[in-house]
$ cat model.tsv   # TSV, C-alpha atoms
chain	number	residue	atom	x	y	z
A	745	MET	CA	98.76	-22.18	-17.53
A	746	ALA	CA	95.41	-23.92	-17.96
A	747	SER	CA	91.96	-23.42	-19.41
A	748	THR	CA	89.54	-21.90	-16.92
A	749	ASP	CA	86.76	-24.44	-17.46
A	750	LEU	CA	88.58	-27.69	-16.69
A	751	PRO	CA	86.41	-30.16	-14.78
A	752	GLY	CA	87.62	-31.83	-11.60
A	753	THR	CA	86.81	-35.36	-12.71
A	754	MET	CA	86.79	-37.40	-15.90
A	755	ARG	CA	85.85	-40.81	-17.28
A	756	GLN	CA	88.62	-43.33	-17.82
A	757	ILE	CA	89.07	-47.03	-18.51
A	758	ARG	CA	90.58	-49.35	-15.94
A	759	PHE	CA	91.46	-53.04	-16.05
A	760	ALA	CA	89.95	-54.73	-12.99
A	761	GLY	CA	92.68	-57.34	-12.81
A	762	SER	CA	94.21	-59.43	-15.59
A	763	GLY	CA	92.12	-61.34	-18.09
A	764	GLY	CA	89.92	-60.99	-21.15
A	765	PRO	CA	87.85	-58.01	-22.26
A	766	GLU	CA	85.47	-58.66	-19.35
A	767	VAL	CA	87.98	-57.00	-16.96
A	768	ILE	CA	87.55	-53.65	-18.75
A	769	SER	CA	85.50	-51.13	-16.79
A	770	VAL	CA	84.70	-47.40	-16.89
A	771	GLU	CA	85.32	-45.30	-13.80
A	772	THR	CA	85.37	-41.68	-12.71
A	773	ALA	CA	88.71	-40.26	-11.57
A	774	PRO	CA	90.36	-36.88	-10.93
A	775	VAL	CA	91.69	-35.04	-13.97
A	776	PRO	CA	95.51	-35.33	-13.95
A	777	HIS	CA	97.85	-32.34	-13.88
A	778	ALA	CA	100.64	-31.42	-16.28
A	779	GLY	CA	104.06	-31.30	-14.69
A	780	PRO	CA	107.25	-29.61	-15.91
A	781	GLY	CA	107.78	-30.23	-19.61
A	782	GLN	CA	104.28	-31.67	-19.98
A	783	VAL	CA	100.89	-30.71	-21.34
A	784	LEU	CA	97.37	-31.85	-20.48
A	785	ILE	CA	95.34	-32.93	-23.50
A	786	GLU	CA	91.56	-33.00	-23.67
A	787	VAL	CA	91.33	-36.34	-25.47
A	788	VAL	CA	89.12	-36.60	-28.55
A	789	ALA	CA	90.37	-40.05	-29.60
A	790	ALA	CA	92.78	-42.68	-28.34
A	791	GLY	CA	94.30	-45.55	-30.32
A	792	VAL	CA	93.81	-49.18	-29.36
A	793	ASN	CA	96.98	-51.23	-29.79
A	794	ARG	CA	98.28	-54.77	-29.22
A	795	PRO	CA	100.33	-53.67	-26.19
A	796	ASP	CA	97.06	-52.57	-24.55
A	797	VAL	CA	95.72	-56.10	-24.98
A	798	ALA	CA	98.95	-57.50	-23.56
A	799	GLN	CA	98.69	-55.14	-20.57
A	800	ARG	CA	95.11	-56.26	-19.98
A	801	ALA	CA	96.26	-59.89	-20.06
A	802	GLY	CA	98.85	-59.11	-17.38
A	803	VAL	CA	101.99	-59.65	-19.46
A	804	TYR	CA	102.94	-56.04	-20.34
A	805	PRO	CA	102.68	-53.80	-17.26
A	806	PRO	CA	103.29	-50.05	-17.44
A	807	PRO	CA	106.80	-48.89	-16.54
A	808	PRO	CA	107.41	-47.98	-12.89
A	809	GLY	CA	105.79	-44.67	-11.98
A	810	ALA	CA	103.37	-44.62	-14.92
A	811	THR	CA	99.61	-44.74	-14.47
A	812	GLU	CA	97.96	-48.13	-14.84
A	813	ILE	CA	95.29	-46.60	-17.08
A	814	PRO	CA	95.88	-48.07	-20.57
A	815	GLY	CA	96.42	-46.19	-23.80
A	816	LEU	CA	99.62	-45.28	-25.62
A	817	GLU	CA	98.44	-42.57	-28.02
A	818	VAL	CA	95.91	-39.77	-28.07
A	819	ALA	CA	94.72	-36.83	-30.11
A	820	GLY	CA	92.95	-33.77	-28.79
A	821	ARG	CA	93.37	-30.19	-27.63
A	822	VAL	CA	95.98	-28.75	-25.28
A	823	VAL	CA	94.12	-27.47	-22.19
A	824	ALA	CA	96.97	-26.99	-19.71
A	825	ILE	CA	100.68	-26.36	-20.08
A	826	GLY	CA	103.32	-27.16	-17.50
A	827	SER	CA	106.45	-25.16	-16.80
A	828	ASP	CA	109.41	-25.29	-19.19
A	829	VAL	CA	107.18	-25.90	-22.24
A	830	THR	CA	107.67	-23.88	-25.40
A	831	GLY	CA	106.12	-24.13	-28.85
A	832	LEU	CA	102.63	-25.14	-27.68
A	833	SER	CA	99.62	-23.00	-26.81
A	834	LEU	CA	96.25	-23.60	-25.21
A	835	GLY	CA	93.80	-24.89	-27.80
A	836	ASP	CA	96.42	-26.41	-30.10
A	837	GLU	CA	95.20	-29.58	-31.78
A	838	VAL	CA	97.84	-32.26	-31.32
A	839	CYS	CA	98.43	-35.97	-31.27
A	840	ALA	CA	100.84	-37.45	-28.77
A	841	LEU	CA	102.64	-40.59	-27.75
A	842	VAL	CA	101.96	-41.28	-24.06
A	843	ILE	CA	103.53	-43.89	-21.82
A	844	SER	CA	100.04	-44.79	-20.48
A	845	GLY	CA	96.76	-43.08	-19.59
A	846	GLY	CA	95.33	-42.58	-23.08
A	847	TYR	CA	91.98	-44.31	-22.43
A	848	ALA	CA	90.54	-41.25	-20.69
A	849	GLU	CA	88.94	-37.89	-21.30
A	850	TYR	CA	92.16	-36.12	-20.29
A	851	ALA	CA	95.74	-37.37	-20.58
A	852	VAL	CA	99.17	-35.98	-19.71
A	853	ALA	CA	101.85	-36.05	-22.42
A	854	GLU	CA	105.43	-34.91	-22.64
A	855	ALA	CA	105.41	-31.76	-24.77
A	856	ALA	CA	108.35	-33.10	-26.79
A	857	HIS	CA	106.28	-36.18	-27.71
A	858	CYS	CA	103.44	-34.11	-29.20
A	859	LEU	CA	103.02	-33.44	-32.90
A	860	PRO	CA	100.52	-31.12	-34.59
A	861	ARG	CA	97.40	-32.61	-36.11
A	862	PRO	CA	98.24	-33.06	-39.81
A	863	LYS	CA	96.20	-30.76	-42.02
A	864	ALA	CA	94.70	-33.63	-44.05
A	865	VAL	CA	93.80	-35.76	-41.01
A	866	SER	CA	90.77	-35.29	-38.74
A	867	LEU	CA	91.37	-34.89	-35.03
A	868	VAL	CA	89.69	-38.25	-34.40
A	869	ASP	CA	91.81	-40.08	-36.98
A	870	ALA	CA	94.95	-38.42	-35.61
A	871	GLY	CA	94.43	-40.48	-32.46
A	872	GLY	CA	95.72	-43.49	-34.38
A	873	LEU	CA	98.95	-41.90	-35.63
A	874	PRO	CA	101.55	-41.69	-32.83
A	875	GLU	CA	102.09	-45.29	-31.71
A	876	THR	CA	102.37	-46.73	-35.20
A	877	PHE	CA	104.29	-43.85	-36.75
A	878	PHE	CA	106.80	-43.61	-33.89
A	879	THR	CA	107.26	-47.40	-34.03
A	880	VAL	CA	107.63	-47.71	-37.79
A	881	TYR	CA	109.82	-44.65	-38.28
A	882	SER	CA	112.21	-45.58	-35.49
A	883	ASN	CA	112.49	-49.23	-36.55
A	884	VAL	CA	112.32	-49.07	-40.33
A	885	VAL	CA	114.04	-45.76	-41.07
A	886	GLN	CA	116.34	-45.21	-38.08
A	887	ARG	CA	117.17	-48.75	-36.94
A	888	GLY	CA	116.56	-50.68	-40.19
A	889	ARG	CA	118.18	-47.95	-42.33
A	890	LEU	CA	115.82	-48.60	-45.24
A	891	ALA	CA	117.14	-46.66	-48.24
A	892	PRO	CA	115.79	-45.65	-51.66
A	893	GLY	CA	115.97	-48.50	-54.16
A	894	GLU	CA	115.98	-51.21	-51.49
A	895	SER	CA	113.24	-53.78	-50.88
A	896	PHE	CA	111.13	-54.16	-47.76
A	897	LEU	CA	108.80	-56.77	-46.23
A	898	VAL	CA	106.33	-56.14	-43.43
A	899	HIS	CA	104.34	-58.89	-41.77
A	900	GLY	CA	100.75	-58.15	-40.84
A	901	GLY	CA	100.40	-55.58	-43.57
A	902	SER	CA	96.72	-54.90	-42.86
A	903	SER	CA	97.33	-53.94	-39.21
A	904	GLY	CA	97.87	-50.39	-38.04
A	905	ILE	CA	101.63	-50.98	-37.99
A	906	GLY	CA	101.50	-52.65	-41.39
A	907	ALA	CA	99.47	-49.89	-43.04
A	908	THR	CA	101.92	-47.31	-41.71
A	909	ALA	CA	104.99	-49.33	-42.69
A	910	ILE	CA	103.81	-49.82	-46.27
A	911	GLN	CA	103.30	-46.09	-46.73
A	912	ILE	CA	106.53	-44.97	-45.05
A	913	ALA	CA	108.57	-47.54	-46.99
A	914	LYS	CA	107.04	-46.35	-50.27
A	915	HIS	CA	107.81	-42.76	-49.27
A	916	VAL	CA	111.44	-43.76	-48.67
A	917	GLY	CA	111.53	-45.15	-52.20
A	918	ALA	CA	111.61	-48.88	-51.50
A	919	ARG	CA	109.96	-51.79	-53.26
A	920	VAL	CA	107.41	-53.01	-50.72
A	921	PHE	CA	106.00	-56.45	-49.94
A	922	ALA	CA	103.53	-57.39	-47.22
A	923	THR	CA	102.02	-60.54	-45.76
A	924	ALA	CA	98.36	-60.77	-44.80
A	925	GLY	CA	95.85	-63.51	-44.01
A	926	SER	CA	93.14	-63.11	-46.65
A	927	ALA	CA	92.56	-61.93	-50.19
A	928	GLU	CA	90.73	-58.87	-48.84
A	929	LYS	CA	93.65	-57.97	-46.61
A	930	CYS	CA	96.10	-58.47	-49.47
A	931	ARG	CA	94.09	-56.08	-51.66
A	932	PHE	CA	94.09	-53.57	-48.78
A	933	CYS	CA	97.89	-53.72	-48.64
A	934	GLU	CA	98.22	-53.25	-52.39
A	935	ASP	CA	95.77	-50.33	-52.34
A	936	LEU	CA	98.06	-48.65	-49.79
A	937	GLY	CA	101.03	-49.04	-52.13
A	938	ALA	CA	102.49	-52.52	-51.56
A	939	ASP	CA	104.02	-53.82	-54.79
A	940	ALA	CA	102.86	-57.32	-53.86
A	941	ALA	CA	100.97	-58.87	-50.95
A	942	ILE	CA	101.42	-62.50	-49.93
A	943	ASN	CA	98.58	-64.50	-48.40
A	944	TYR	CA	100.52	-66.41	-45.75
A	945	LYS	CA	97.66	-68.90	-45.36
A	946	GLU	CA	98.04	-70.01	-48.96
A	947	ALA	CA	101.77	-69.70	-49.65
A	948	ASP	CA	105.14	-69.89	-47.90
A	949	PHE	CA	106.11	-66.24	-47.64
A	950	ALA	CA	109.84	-67.04	-47.80
A	951	GLU	CA	109.42	-68.85	-51.10
A	952	GLU	CA	107.24	-66.04	-52.46
A	953	VAL	CA	109.74	-63.37	-51.42
A	954	LYS	CA	112.51	-65.25	-53.22
A	955	ARG	CA	110.33	-65.59	-56.32
A	956	LEU	CA	109.34	-61.92	-56.32
A	957	THR	CA	112.95	-60.79	-55.93
A	958	ASP	CA	114.47	-63.23	-58.44
A	959	GLY	CA	116.11	-65.19	-55.64
A	960	ARG	CA	117.80	-62.22	-53.95
A	961	GLY	CA	115.55	-61.58	-50.95
A	962	VAL	CA	114.63	-58.28	-49.32
A	963	ASP	CA	116.86	-55.74	-47.62
A	964	VAL	CA	114.71	-55.03	-44.54
A	965	ILE	CA	111.99	-57.01	-42.75
A	966	LEU	CA	109.73	-55.57	-40.04
A	967	ASP	CA	108.42	-58.48	-37.99
A	968	MET	CA	105.77	-58.68	-35.25
A	969	ILE	CA	105.56	-62.49	-35.09
A	970	GLY	CA	108.86	-63.55	-33.55
A	971	ALA	CA	110.07	-67.09	-33.03
A	972	SER	CA	107.76	-68.96	-35.40
A	973	TYR	CA	108.84	-66.76	-38.33
A	974	LEU	CA	112.54	-66.39	-37.53
A	975	ALA	CA	113.98	-69.14	-39.75
A	976	ARG	CA	111.87	-68.08	-42.74
A	977	ASN	CA	112.69	-64.42	-42.14
A	978	LEU	CA	116.39	-65.22	-42.33
A	979	LYS	CA	115.79	-67.13	-45.58
A	980	SER	CA	113.95	-64.10	-46.97
A	981	LEU	CA	116.78	-61.60	-46.43
A	982	ALA	CA	119.22	-60.48	-49.10
A	983	PRO	CA	122.94	-60.25	-48.32
A	984	ASP	CA	123.52	-57.49	-45.76
A	985	GLY	CA	119.79	-57.57	-44.95
A	986	ARG	CA	118.32	-56.33	-41.69
A	987	LEU	CA	115.62	-58.09	-39.64
A	988	VAL	CA	113.90	-55.80	-37.15
A	989	MET	CA	111.59	-57.39	-34.59
A	990	ILE	CA	109.03	-55.37	-32.65
A	991	ALA	CA	106.69	-57.99	-31.14
A	992	LEU	CA	106.53	-61.66	-30.26
A	993	MET	CA	103.04	-62.81	-31.23
A	994	GLY	CA	104.49	-66.14	-32.42
A	995	GLY	CA	106.69	-66.80	-29.40
A	996	TYR	CA	110.15	-65.79	-28.18
A	997	LYS	CA	112.16	-69.01	-28.05
A	998	VAL	CA	113.66	-70.84	-31.04
A	999	ASP	CA	115.15	-74.32	-30.83
A	1000	GLY	CA	117.41	-75.81	-33.48
A	1001	LEU	CA	117.98	-72.59	-35.39
A	1002	ASN	CA	120.78	-72.68	-37.94
A	1003	ILE	CA	122.63	-69.38	-37.59
A	1004	THR	CA	124.91	-70.00	-40.57
A	1005	PRO	CA	122.83	-67.72	-42.88
A	1006	ILE	CA	123.40	-64.80	-40.50
A	1007	MET	CA	127.16	-65.18	-40.86
A	1008	ARG	CA	127.27	-66.13	-44.51
A	1009	ASN	CA	125.00	-63.29	-45.67
A	1010	ARG	CA	126.21	-60.69	-43.12
A	1011	LEU	CA	122.70	-60.25	-41.74
A	1012	THR	CA	121.72	-57.87	-38.96
A	1013	PHE	CA	119.19	-59.19	-36.45
A	1014	THR	CA	117.86	-56.48	-34.17
A	1015	GLY	CA	114.69	-55.23	-32.51
A	1016	SER	CA	113.23	-52.81	-30.04
A	1017	THR	CA	110.24	-51.91	-27.89
A	1018	LEU	CA	108.98	-48.35	-27.80
A	1019	ARG	CA	107.30	-47.92	-24.43
A	1020	PRO	CA	110.40	-48.32	-22.18
A	1021	ARG	CA	112.58	-45.96	-24.23
A	1022	GLY	CA	113.66	-42.72	-22.58
A	1023	LYS	CA	112.10	-39.33	-23.07
A	1024	ALA	CA	115.02	-38.04	-25.14
A	1025	ASP	CA	114.85	-41.04	-27.49
A	1026	LYS	CA	111.14	-40.49	-28.10
A	1027	ALA	CA	111.67	-36.77	-28.59
A	1028	ALA	CA	114.28	-37.53	-31.27
A	1029	ILE	CA	111.83	-39.83	-33.04
A	1030	ALA	CA	109.19	-37.08	-32.88
A	1031	GLU	CA	111.59	-34.61	-34.49
A	1032	GLY	CA	112.39	-37.07	-37.26
A	1033	LEU	CA	108.70	-37.57	-37.93
A	1034	ARG	CA	108.07	-33.83	-37.90
A	1035	ARG	CA	110.83	-33.33	-40.47
A	1036	ASP	CA	110.42	-36.35	-42.75
A	1037	ILE	CA	106.86	-37.66	-42.47
A	1038	TRP	CA	104.50	-34.95	-41.21
A	1039	PRO	CA	104.73	-32.92	-44.46
A	1040	GLU	CA	103.52	-36.05	-46.28
A	1041	LEU	CA	100.58	-36.39	-43.89
A	1042	ASP	CA	99.81	-32.67	-44.22
A	1043	ALA	CA	99.63	-33.06	-47.99
A	1044	GLY	CA	97.65	-36.31	-47.88
A	1045	ARG	CA	100.38	-38.31	-49.62
A	1046	ILE	CA	100.55	-40.54	-46.53
A	1047	ARG	CA	97.21	-41.08	-44.86
A	1048	SER	CA	95.74	-42.29	-41.62
A	1049	VAL	CA	93.82	-45.56	-41.91
A	1050	THR	CA	90.99	-45.99	-39.41
A	1051	HIS	CA	88.98	-49.20	-39.45
A	1052	ALA	CA	86.51	-48.46	-36.66
A	1053	THR	CA	85.77	-46.08	-33.79
A	1054	PHE	CA	84.08	-46.97	-30.51
A	1055	PRO	CA	82.86	-44.72	-27.70
A	1056	LEU	CA	85.06	-44.94	-24.63
A	1057	GLU	CA	82.38	-46.99	-22.87
A	1058	GLN	CA	82.69	-49.68	-25.57
A	1059	ALA	CA	86.37	-50.39	-24.96
A	1060	ARG	CA	85.50	-54.07	-24.46
A	1061	GLU	CA	84.14	-54.30	-27.99
A	1062	ALA	CA	87.21	-52.49	-29.31
A	1063	HIS	CA	89.49	-55.04	-27.64
A	1064	GLU	CA	87.41	-57.92	-28.97
A	1065	LEU	CA	87.83	-56.55	-32.49
A	1066	MET	CA	91.58	-56.13	-31.97
A	1067	GLU	CA	91.91	-59.73	-30.82
A	1068	SER	CA	89.85	-61.01	-33.75
A	1069	SER	CA	92.41	-59.55	-36.21
A	1070	ALA	CA	89.49	-58.71	-38.51
A	1071	HIS	CA	90.39	-55.04	-38.71
A	1072	LEU	CA	92.09	-53.22	-41.58
A	1073	GLY	CA	94.05	-50.37	-40.05
A	1074	LYS	CA	93.49	-48.66	-36.70
A	1075	ILE	CA	90.86	-49.07	-33.98
A	1076	LEU	CA	90.04	-45.93	-31.98
A	1077	LEU	CA	88.17	-44.98	-28.83
A	1078	THR	CA	86.38	-41.62	-28.86
A	1079	THR	CA	85.35	-39.51	-25.88
A	1080	GLY	CA	82.73	-37.29	-27.54
A	1081	ARG	CA	84.70	-34.17	-26.68

$ encode --input "model.tsv" --output "structure tokens"
Amino acid sequence: MASTDLPGTMRQIRFAGSGGPEVISVETAPVPHAGPGQVLIEVVAAGVNRPDVAQRAGVYPPPPGATEIPGLEVAGRVVAIGSDVTGLSLGDEVCALVISGGYAEYAVAEAAHCLPRPKAVSLVDAGGLPETFFTVYSNVVQRGRLAPGESFLVHGGSSGIGATAIQIAKHVGARVFATAGSAEKCRFCEDLGADAAINYKEADFAEEVKRLTDGRGVDVILDMIGASYLARNLKSLAPDGRLVMIALMGGYKVDGLNITPIMRNRLTFTGSTLRPRGKADKAAIAEGLRRDIWPELDAGRIRSVTHATFPLEQAREAHELMESSAHLGKILLTTGR
């Protein structure tokens, strides 16, 4: 089932090899088709994320069988429905996690990975929800088991992931701390609900966490930095604390690490990546979000945080902004549809 006015071609972004933003180009390509269990979305907005930058640099290729067109999240209107799909209709406004292909005017998504546009969020802003909300919910709530009354630290609190993590952790009922690299970014984190924000350029975050928690440490840490933060993360955890790693911006190898704190304090050291996970795993995350988080977005108690939007043709500028780390929240590409 499909809309009767679908075009045959569309604009999309392609990386002409590996490198900097200069390899980003716009091309015309056939509109893809929805297969069984899938829908075709007329894309209004697509989120720009760090994995897109890594893919462009040649270090994070799409999984086998996935399109090489970048983009992990979209929002728009359902314009075609494949077989074996229930619960969605033509014209529905949705946002969706996609394995790739989001930087385009049309994108295919698994129906089970689609969520309705929250009532309090515009369709453009909804384009920045799936990647961060799937990532944070699965790692902080499901894997990290953050519970009411516990304490939580997120690094990079002014990023899209950070802004989402602060709000979800507050919704859970945790005391929330964040690190950020400027006074402006720290204020941004606190405005979103962080109980305290630590400027990591001016203070040792491990020492500050200990001071803020009267020496106890935090129960859960969400980390995007990796190796360069590992020793201090372990120092920052309370007994039975959980460290969840989701990226490796600060490297992936650690020499001379003392693992005694892990044993002495019964720490859990875990992590995950979202893109390679199976369809059923992602569908389960979507259902958890629909149940636990989407009512908060509908009511405006958790909000989308968009820093800037760029037309699809300005994807280079969007990537330059992402790499500058000057943004507060999400960066989006819009198609004008």

$ residues_around --input "model.tsv" --residues "segment 798-803 of chain A" --least-positions-apart "4" --cutoff "7 Å" --atoms "all atoms listed in the file" --output "VMD selection string"
chain A and resid 759 762 to 764 794

$ closest_atom_pairs --input "model.tsv" --of "segment 805-878 of chain A" --to "segment 905-927 of chain A" --cutoff "12 Å" --atoms "all atoms listed in the file" --output "Markdown table"
| residue | atom | partner | partner_atom | distance |
| --- | --- | --- | --- | --- |
| A:Gly872 | CA | A:Ile905 | CA | 10.2 |
| A:Leu873 | CA | A:Thr908 | CA | 8.7 |
| A:Pro874 | CA | A:Thr908 | CA | 10.5 |
| A:Glu875 | CA | A:Ile905 | CA | 8.5 |
| A:Thr876 | CA | A:Ile905 | CA | 5.1 |
| A:Phe877 | CA | A:Thr908 | CA | 6.5 |
| A:Phe878 | CA | A:Ile905 | CA | 9.9 |

$ residues_around --input "model.tsv" --residues "segment 951-955 of chain A" --least-positions-apart "2" --cutoff "9 Å" --atoms "only C-alpha atoms" --output "list in words"
Leu897, Phe921, Ile942, Ala947, Asp948, Phe949, Thr957, Asp958, Gly959, Arg960, Gly961, Val962, Arg976, Lys979, Ser980 and Leu981 of chain A

$ residues_around --input "model.tsv" --residues "Leu1001 of chain A" --least-positions-apart "3" --cutoff "12 Å" --atoms "all atoms listed in the file" --output "PyMOL selection string"
chain A and resi 971-979+997-998+1004-1006

$ write_last_selection --input "model.tsv" --atoms "C-alpha atoms" --output "PDB file, in the coordinates of the input"
ATOM      1  CA  ALA A 971     110.070 -67.090 -33.030  1.00  0.00           C
ATOM      2  CA  SER A 972     107.760 -68.960 -35.400  1.00  0.00           C
ATOM      3  CA  TYR A 973     108.840 -66.760 -38.330  1.00  0.00           C
ATOM      4  CA  LEU A 974     112.540 -66.390 -37.530  1.00  0.00           C
ATOM      5  CA  ALA A 975     113.980 -69.140 -39.750  1.00  0.00           C
ATOM      6  CA  ARG A 976     111.870 -68.080 -42.740  1.00  0.00           C
ATOM      7  CA  ASN A 977     112.690 -64.420 -42.140  1.00  0.00           C
ATOM      8  CA  LEU A 978     116.390 -65.220 -42.330  1.00  0.00           C
ATOM      9  CA  LYS A 979     115.790 -67.130 -45.580  1.00  0.00           C
ATOM     10  CA  LYS A 997     112.160 -69.010 -28.050  1.00  0.00           C
ATOM     11  CA  VAL A 998     113.660 -70.840 -31.040  1.00  0.00           C
ATOM     12  CA  THR A1004     124.910 -70.000 -40.570  1.00  0.00           C
ATOM     13  CA  PRO A1005     122.830 -67.720 -42.880  1.00  0.00           C
ATOM     14  CA  ILE A1006     123.400 -64.800 -40.500  1.00  0.00           C
TER      15      ILE A1006
END

$ closest_residue --input "model.tsv" --among "A:Gly826, A:Asp796, A:Ala789, A:Arg1047" --to "Glu1067 of chain A" --atoms "all atoms listed in the file"
A:Asp796

$ closest_residue --input "model.tsv" --among "A:Ala982, A:Leu816, A:Ser882, A:Ser902" --to "Ala1028 of chain A" --atoms "only C-alpha atoms"
A:Ser882

$ atom_distance --input "model.tsv" --atom1 "atom CA of Glu1040 of chain A" --atom2 "atom CA of Val838 of chain A"
16.4 Å

$ atom_distance --input "model.tsv" --atom1 "atom CA of Leu890 of chain A" --atom2 "atom CA of Val964 of chain A"
6.6 Å

$ atom_distance --input "model.tsv" --atom1 "atom CA of Gly781 of chain A" --atom2 "atom CA of Leu1018 of chain A"
19.9 Å
